[in-house]
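Below is final-v7.txt, which holds compact mmCIF, C-alpha atoms.
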```
# COMPACT_ATOMS: atom_id res chain seq x y z
CA MET A 23 0.00 0.00 0.00
CA SER A 24 1.50 3.38 -1.01
CA ARG A 25 1.96 6.14 1.56
CA VAL A 26 -0.86 8.17 0.03
CA LYS A 27 -3.26 5.21 0.05
CA LEU A 28 -2.17 4.36 3.58
CA LEU A 29 -3.05 7.90 4.71
CA HIS A 30 -6.47 7.98 3.05
CA GLY A 31 -7.51 4.34 3.25
CA SER A 32 -10.79 3.42 4.92
CA PRO A 33 -10.86 0.83 7.71
CA ASP A 34 -11.99 -1.73 5.13
CA GLU A 35 -9.01 -0.87 2.93
CA ILE A 36 -6.61 -1.06 5.86
CA GLU A 37 -8.05 -4.48 6.71
CA ALA A 38 -7.66 -5.65 3.12
CA ALA A 39 -4.07 -4.37 3.13
CA TYR A 40 -3.45 -6.27 6.38
CA TYR A 41 -4.49 -9.64 4.95
CA ASP A 42 -2.68 -8.81 1.71
CA ALA A 43 0.55 -8.14 3.62
CA LEU A 44 0.15 -11.50 5.38
CA ALA A 45 -0.34 -13.28 2.05
CA ARG A 46 2.82 -11.67 0.68
CA ALA A 47 4.72 -12.26 3.95
CA ASP A 48 5.54 -8.54 3.84
CA LEU A 49 6.49 -7.72 7.43
CA GLU A 50 7.21 -4.02 6.78
CA ALA A 51 3.85 -3.46 5.06
CA LEU A 52 2.12 -5.36 7.86
CA MET A 53 3.70 -3.36 10.67
CA ALA A 54 3.00 -0.03 8.90
CA LEU A 55 -0.73 -0.72 9.32
CA TRP A 56 -0.52 -0.75 13.12
CA ALA A 57 -0.99 2.44 15.14
CA ASP A 58 2.22 4.11 16.23
CA ASP A 59 1.58 3.33 19.86
CA GLU A 60 3.13 0.99 22.40
CA GLU A 61 -0.27 -0.15 23.70
CA ILE A 62 -1.33 -2.01 20.55
CA VAL A 63 -2.52 -5.56 21.29
CA CYS A 64 -2.21 -8.75 19.21
CA VAL A 65 -3.50 -12.19 20.19
CA HIS A 66 -2.79 -15.10 17.86
CA PRO A 67 -5.10 -18.17 17.96
CA GLY A 68 -4.35 -20.25 21.05
CA ALA A 69 -1.53 -17.96 22.12
CA GLY A 70 -0.81 -15.36 24.75
CA ARG A 71 -1.24 -11.62 24.54
CA LEU A 72 1.37 -9.50 22.79
CA ILE A 73 1.61 -5.80 23.58
CA GLY A 74 3.62 -3.21 21.69
CA HIS A 75 5.42 -3.05 18.35
CA VAL A 76 8.50 -5.05 19.32
CA ALA A 77 6.64 -8.10 20.63
CA ILE A 78 4.10 -8.05 17.81
CA ARG A 79 6.73 -7.57 15.10
CA ASN A 80 8.98 -10.32 16.46
CA THR A 81 6.15 -12.84 16.51
CA TRP A 82 4.93 -12.00 13.01
CA GLU A 83 8.49 -12.15 11.73
CA GLU A 84 8.81 -15.68 13.11
CA ILE A 85 5.46 -16.72 11.60
CA LEU A 86 6.15 -15.17 8.19
CA THR A 87 9.57 -16.78 7.77
CA ARG A 88 7.55 -19.95 7.06
CA GLY A 89 5.86 -18.14 4.16
CA GLY A 90 2.78 -16.06 3.53
CA LEU A 91 -0.55 -16.68 5.23
CA HIS A 92 -3.45 -16.82 2.81
CA ILE A 93 -6.45 -15.70 4.81
CA GLN A 94 -9.87 -14.62 3.59
CA ALA A 95 -11.75 -12.46 6.09
CA ARG A 96 -15.41 -13.40 5.72
CA GLN A 97 -18.75 -12.68 7.38
CA LEU A 98 -17.86 -9.18 8.52
CA HIS A 99 -19.89 -7.69 11.35
CA ALA A 100 -18.82 -4.14 12.03
CA ALA A 101 -19.45 -1.24 14.38
CA HIS A 102 -18.23 2.11 13.05
CA THR A 103 -17.99 5.50 14.72
CA MET A 104 -16.26 8.62 13.40
CA SER A 105 -12.95 7.54 14.91
CA THR A 106 -13.25 3.78 15.44
CA ALA A 107 -14.04 0.68 13.43
CA ILE A 108 -14.62 -2.61 15.24
CA HIS A 109 -14.63 -5.59 12.89
CA SER A 110 -15.53 -9.17 13.68
CA VAL A 111 -14.60 -11.63 10.95
CA ILE A 112 -14.24 -15.34 10.32
CA GLU A 113 -10.72 -15.98 9.02
CA GLU A 114 -10.74 -18.65 6.32
CA ILE A 115 -7.20 -19.93 6.13
CA GLY A 116 -5.70 -21.53 3.02
CA SER A 117 -7.55 -22.56 -0.09
CA SER A 118 -8.68 -26.07 0.82
CA GLN A 119 -12.36 -25.37 0.32
CA ALA A 120 -13.08 -29.03 -0.33
CA THR A 121 -12.31 -30.05 3.25
CA LEU A 122 -14.29 -29.16 6.34
CA PRO A 123 -11.74 -28.08 8.91
CA GLU A 124 -12.08 -29.17 12.52
CA VAL A 125 -11.63 -25.63 13.72
CA HIS A 126 -12.17 -22.13 12.43
CA VAL A 127 -10.71 -18.80 13.44
CA ILE A 128 -12.65 -15.81 14.71
CA ALA A 129 -10.92 -12.42 14.72
CA THR A 130 -11.75 -9.08 16.26
CA ASN A 131 -9.89 -6.26 14.48
CA VAL A 132 -10.12 -2.73 15.86
CA TYR A 133 -8.99 0.36 13.93
CA LEU A 134 -8.62 3.92 15.18
CA LYS A 135 -8.45 7.06 13.07
CA THR A 136 -5.05 8.55 13.81
CA THR A 137 -3.15 11.51 12.35
CA GLN A 138 -1.52 8.93 10.03
CA GLY A 139 -4.90 7.63 8.88
CA TRP A 140 -6.82 4.55 10.03
CA ARG A 141 -4.60 2.14 11.92
CA MET A 142 -5.01 -1.21 13.64
CA VAL A 143 -4.84 -1.12 17.45
CA THR A 144 -6.18 -4.60 18.28
CA HIS A 145 -6.06 -7.96 16.51
CA HIS A 146 -7.55 -10.74 18.66
CA ALA A 147 -7.89 -14.13 16.95
CA SER A 148 -9.10 -17.36 18.54
CA LEU A 149 -9.97 -20.92 17.60
CA ALA A 150 -13.52 -22.22 17.62
CA PRO A 151 -14.53 -25.86 17.12
CA GLY A 152 -15.97 -27.14 13.86
CA PRO A 153 -16.15 -25.58 10.43
CA ALA A 154 -17.01 -21.91 10.02
CA PRO A 155 -20.76 -21.38 10.35
CA ALA A 156 -22.75 -20.57 7.26
CA GLU A 157 -24.28 -17.14 7.13
CA PRO A 158 -26.81 -15.43 4.88
CA LEU A 159 -25.31 -13.86 1.76
CA SER A 160 -25.92 -10.27 2.80
CA ASP A 161 -23.67 -9.13 5.62
CA THR A 162 -25.01 -6.34 7.77
CA MET A 163 -23.39 -3.30 9.34
CA LEU A 164 -24.00 -1.77 12.77
CA HIS A 165 -23.71 1.93 11.96
CA MET B 17 -26.33 -1.01 38.72
CA SER B 18 -29.14 1.57 39.00
CA ARG B 19 -30.57 3.19 35.87
CA VAL B 20 -28.95 6.52 36.75
CA LYS B 21 -25.54 4.92 37.30
CA LEU B 22 -25.98 2.90 34.11
CA LEU B 23 -26.60 6.11 32.13
CA HIS B 24 -23.63 7.99 33.57
CA GLY B 25 -21.14 5.19 34.15
CA SER B 26 -17.69 5.35 32.58
CA PRO B 27 -16.42 2.43 30.47
CA ASP B 28 -14.45 1.26 33.53
CA GLU B 29 -17.62 1.29 35.62
CA ILE B 30 -19.59 -0.56 32.94
CA GLU B 31 -16.81 -3.16 32.83
CA ALA B 32 -16.87 -3.51 36.62
CA ALA B 33 -20.66 -3.89 36.48
CA TYR B 34 -20.27 -6.57 33.81
CA TYR B 35 -18.01 -8.78 35.93
CA ASP B 36 -20.15 -8.04 38.99
CA ALA B 37 -23.27 -9.24 37.13
CA LEU B 38 -21.42 -12.44 36.18
CA ALA B 39 -20.40 -13.02 39.81
CA ARG B 40 -24.02 -12.60 40.92
CA ALA B 41 -25.32 -14.66 37.98
CA ASP B 42 -27.63 -11.72 37.25
CA LEU B 43 -28.64 -12.21 33.63
CA GLU B 44 -30.85 -9.10 33.43
CA ALA B 45 -28.13 -6.82 34.79
CA LEU B 46 -25.63 -8.42 32.43
CA MET B 47 -27.74 -7.97 29.33
CA ALA B 48 -28.59 -4.35 30.24
CA LEU B 49 -24.88 -3.50 29.80
CA TRP B 50 -24.87 -4.49 26.12
CA ALA B 51 -25.65 -1.98 23.40
CA ASP B 52 -29.22 -2.07 22.11
CA ASP B 53 -28.12 -3.35 18.74
CA GLU B 54 -28.43 -6.63 16.91
CA GLU B 55 -24.81 -6.52 15.72
CA ILE B 56 -23.23 -7.00 19.16
CA VAL B 57 -20.64 -9.80 19.20
CA CYS B 58 -19.70 -12.24 21.98
CA VAL B 59 -17.05 -14.98 21.77
CA HIS B 60 -16.62 -17.29 24.76
CA PRO B 61 -13.25 -19.05 25.26
CA GLY B 62 -12.92 -21.92 22.78
CA ALA B 63 -16.36 -21.32 21.35
CA GLY B 64 -17.97 -19.94 18.22
CA ARG B 65 -19.13 -16.41 17.53
CA LEU B 66 -22.46 -15.22 18.88
CA ILE B 67 -24.19 -12.26 17.25
CA GLY B 68 -27.18 -10.36 18.59
CA HIS B 69 -29.05 -10.21 21.88
CA VAL B 70 -30.96 -13.46 21.57
CA ALA B 71 -27.94 -15.68 20.90
CA ILE B 72 -25.81 -13.93 23.51
CA ARG B 73 -28.53 -13.97 26.15
CA ASN B 74 -29.37 -17.63 25.59
CA THR B 75 -25.75 -18.69 26.00
CA TRP B 76 -25.16 -16.62 29.12
CA GLU B 77 -28.40 -17.94 30.58
CA GLU B 78 -27.16 -21.49 30.07
CA ILE B 79 -23.76 -20.68 31.62
CA LEU B 80 -25.20 -18.81 34.61
CA THR B 81 -27.66 -21.54 35.57
CA ARG B 82 -24.55 -23.33 36.87
CA GLY B 83 -23.91 -20.36 39.19
CA GLY B 84 -22.02 -17.10 39.18
CA LEU B 85 -18.64 -16.67 37.49
CA HIS B 86 -16.08 -15.03 39.72
CA ILE B 87 -13.71 -13.27 37.37
CA GLN B 88 -11.12 -10.62 38.13
CA ALA B 89 -10.17 -8.52 35.10
CA ARG B 90 -6.47 -7.74 35.50
CA GLN B 91 -3.68 -6.13 33.53
CA LEU B 92 -5.87 -3.67 31.66
CA HIS B 93 -4.50 -2.18 28.47
CA ALA B 94 -6.89 0.35 27.03
CA ALA B 95 -7.40 2.61 24.05
CA HIS B 96 -9.95 5.37 24.61
CA THR B 97 -11.50 7.86 22.21
CA MET B 98 -14.43 10.19 22.85
CA SER B 99 -16.91 7.52 21.82
CA THR B 100 -15.06 4.22 22.15
CA ALA B 101 -13.15 2.28 24.79
CA ILE B 102 -11.16 -0.79 23.78
CA HIS B 103 -10.06 -2.85 26.75
CA SER B 104 -7.71 -5.83 26.77
CA VAL B 105 -7.68 -7.74 30.05
CA ILE B 106 -6.51 -11.02 31.54
CA GLU B 107 -9.50 -12.73 33.14
CA GLU B 108 -8.51 -14.44 36.38
CA ILE B 109 -11.22 -16.99 37.05
CA GLY B 110 -12.07 -18.28 40.51
CA SER B 111 -10.13 -17.69 43.67
CA SER B 112 -7.53 -20.48 43.54
CA GLN B 113 -4.54 -18.18 43.67
CA ALA B 114 -2.37 -20.91 45.13
CA THR B 115 -2.49 -23.00 41.97
CA LEU B 116 -0.91 -22.20 38.64
CA PRO B 117 -3.55 -22.92 36.02
CA GLU B 118 -2.61 -24.58 32.75
CA VAL B 119 -4.43 -21.93 30.77
CA HIS B 120 -5.45 -18.33 31.18
CA VAL B 121 -8.11 -16.24 29.50
CA ILE B 122 -7.53 -13.09 27.46
CA ALA B 123 -10.50 -10.83 26.76
CA THR B 124 -11.06 -7.90 24.43
CA ASN B 125 -13.99 -5.79 25.60
CA VAL B 126 -15.17 -2.90 23.43
CA TYR B 127 -17.57 -0.20 24.64
CA LEU B 128 -19.33 2.48 22.61
CA LYS B 129 -20.90 5.66 23.95
CA THR B 130 -24.59 5.40 23.05
CA THR B 131 -27.60 7.54 23.90
CA GLN B 132 -28.13 5.15 26.82
CA GLY B 133 -24.58 5.66 28.07
CA TRP B 134 -21.49 3.49 27.56
CA ARG B 135 -22.42 0.01 26.42
CA MET B 136 -20.56 -3.15 25.49
CA VAL B 137 -20.56 -4.04 21.78
CA THR B 138 -17.86 -6.74 21.72
CA HIS B 139 -16.67 -9.34 24.22
CA HIS B 140 -14.06 -11.66 22.72
CA ALA B 141 -12.44 -14.10 25.14
CA SER B 142 -9.92 -16.82 24.31
CA LEU B 143 -7.70 -19.37 26.00
CA ALA B 144 -3.93 -19.06 26.10
CA PRO B 145 -1.54 -21.73 27.38
CA GLY B 146 0.13 -21.49 30.76
CA PRO B 147 -0.51 -19.25 33.72
CA ALA B 148 -1.26 -15.57 33.22
CA PRO B 149 1.94 -13.66 32.58
CA ALA B 150 3.29 -11.41 35.27
CA GLU B 151 3.27 -7.72 34.48
CA PRO B 152 4.83 -4.66 36.08
CA LEU B 153 2.74 -3.14 38.86
CA SER B 154 1.84 0.01 36.97
CA ASP B 155 -0.54 -0.59 34.10
CA THR B 156 -0.41 1.96 31.33
CA MET B 157 -3.10 3.55 29.22
CA LEU B 158 -3.05 4.35 25.51
CA HIS B 159 -4.93 7.63 25.45
```
Can you dump the structure from the file as structure tokens?
Amino acid sequence: MSRVKLLHGSPDEIEAAYYDALARADLEALMALWADDEEIVCVHPGAGRLIGHVAIRNTWEEILTRGGLHIQARQLHAAHTMSTAIHSVIEEIGSSQATLPEVHVIATNVYLKTTQGWRMVTHHASLAPGPAPAEPLSDTMLH
Amino acid sequence: MSRVKLLHGSPDEIEAAYYDALARADLEALMALWADDEEIVCVHPGAGRLIGHVAIRNTWEEILTRGGLHIQARQLHAAHTMSTAIHSVIEEIGSSQATLPEVHVIATNVYLKTTQGWRMVTHHASLAPGPAPAEPLSDTMLH
């Protein structure tokens, strides 16, 4: 994502850029999407809480050395205010649509409007049993 | 929590009321703290995503018939704007401080300022391996 796009991107665009950076294993692009604040929080599925750029960057670096993560964020439920976007998504991982996985991943992504544009402040992902639930075709928005 | 306190409570007070309602197994008090919106999201540890009052209420009702949940929300990291409060806490469950549990619970709680006062819109809790991490005595705040 270019600097200009990064500055003017909507929360949806920042979220798309986030999953795109993961797919490309682009650590710099990924970390540029986080708010410039030491209180940012990241929770990976089944893992402990990471706080601050150093801890979050180190963990993503370790994960991404194994290659890109191809994740589709589906079934968005969102609450938007002027300065905050709270997204709840189902993360579909990989492209093995033919198999029903034994678990699925739920993620809460929170974005704040900062002087540098919309930025991620929280990514909280967790495992849930069974395949991702089906949902009606039309996703709805809170605000 | 009285109606007047509910209207004027800060996000911290709404969060305290939330864990207090769980301890007292008070379903009505608990549900009154959620935003009056069908897009509210609740994720229990190791479970799937619940959306809307009916699904969230039904699940809490089932949990609370077994009795109150005594949870201490510790190690708060928070991001506050004028209309949003994003809290990350470690949920210490029960009173068995002498034992080191094999897992701990991380929760993201998001509150929005509504015409009815501050209300919860997201509760996302997940399990992490090992005991809760130790943290310096002074918790810090983002904004």
Quiz prompt | Polymer residues at most 6 Å from stretch 57-64 of chain A, only C-alpha atoms, same-chain spacing of 2 or more positions, as a list in words | solution = Leu72, Ile73, Gly74, Arg141, Met142, Val143, Thr144, His145 and His146 of chain A; Leu158 of chain B
Produce a file of the selected residues containing C-alpha atoms, as a JSON list (two decimals), keeping the file's coordinate frame.
```json
[["chain", "number", "residue", "atom", "x", "y", "z"],
["A", 72, "LEU", "CA", 1.37, -9.50, 22.79],
["A", 73, "ILE", "CA", 1.61, -5.80, 23.58],
["A", 74, "GLY", "CA", 3.62, -3.21, 21.69],
["A", 141, "ARG", "CA", -4.60, 2.14, 11.92],
["A", 142, "MET", "CA", -5.01, -1.21, 13.64],
["A", 143, "VAL", "CA", -4.84, -1.12, 17.45],
["A", 144, "THR", "CA", -6.18, -4.60, 18.28],
["A", 145, "HIS", "CA", -6.06, -7.96, 16.51],
["A", 146, "HIS", "CA", -7.55, -10.74, 18.66],
["B", 158, "LEU", "CA", -3.05, 4.35, 25.51]]
```
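Of note, atom CA of A:Arg71 and atom CA of B:Gly84 are spaced 26.0 Å apart.
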Practice problem: May I ask you to extract the residues of chain A within 7 Å of chain B, using all atoms listed in the file, and to give them as a ChimeraX atom specification? | Solution: /A:61,68-70,99,106,148-151,164
Exercise. Could you tell me how far atom CA of A:Gly139 lies from atom CA of A:Leu49, in Å and to one decimal?
Key: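 Spanning atom CA of A:Gly139 to atom CA of A:Leu49 is a straight-line distance of 19.2 Å.
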Exercise on stretch 75-93 of chain A, axis-aligned box with 6 Å per side, report centre and edge lengths in Å to one decimal, as JSON:
```
{"center_x": 1.6, "center_y": -11.5, "center_z": 11.7, "size_x": 28.0, "size_y": 28.9, "size_z": 29.8}
```
Quiz item: What is the atom CA of B:Pro27 to atom CA of B:Ala150 distance in Å?
Solution: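 Answer for the atom CA of B:Pro27 to atom CA of B:Ala150 separation: 24.6 Å.
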Exercise. Pick out the residues sitting within 10 Å of B:Ile87, and hand them over as a list in words; count only C-alpha atoms, and ignore anything fewer than 3 positions along from it in its own chain.
Key: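 Contacts, with the query itself left out: Tyr35, Asp36, Leu38, Ala39, Gly84, Arg90, Ile106, Glu107, Glu108, Ile109, Gly110 and Ser111 of chain B.
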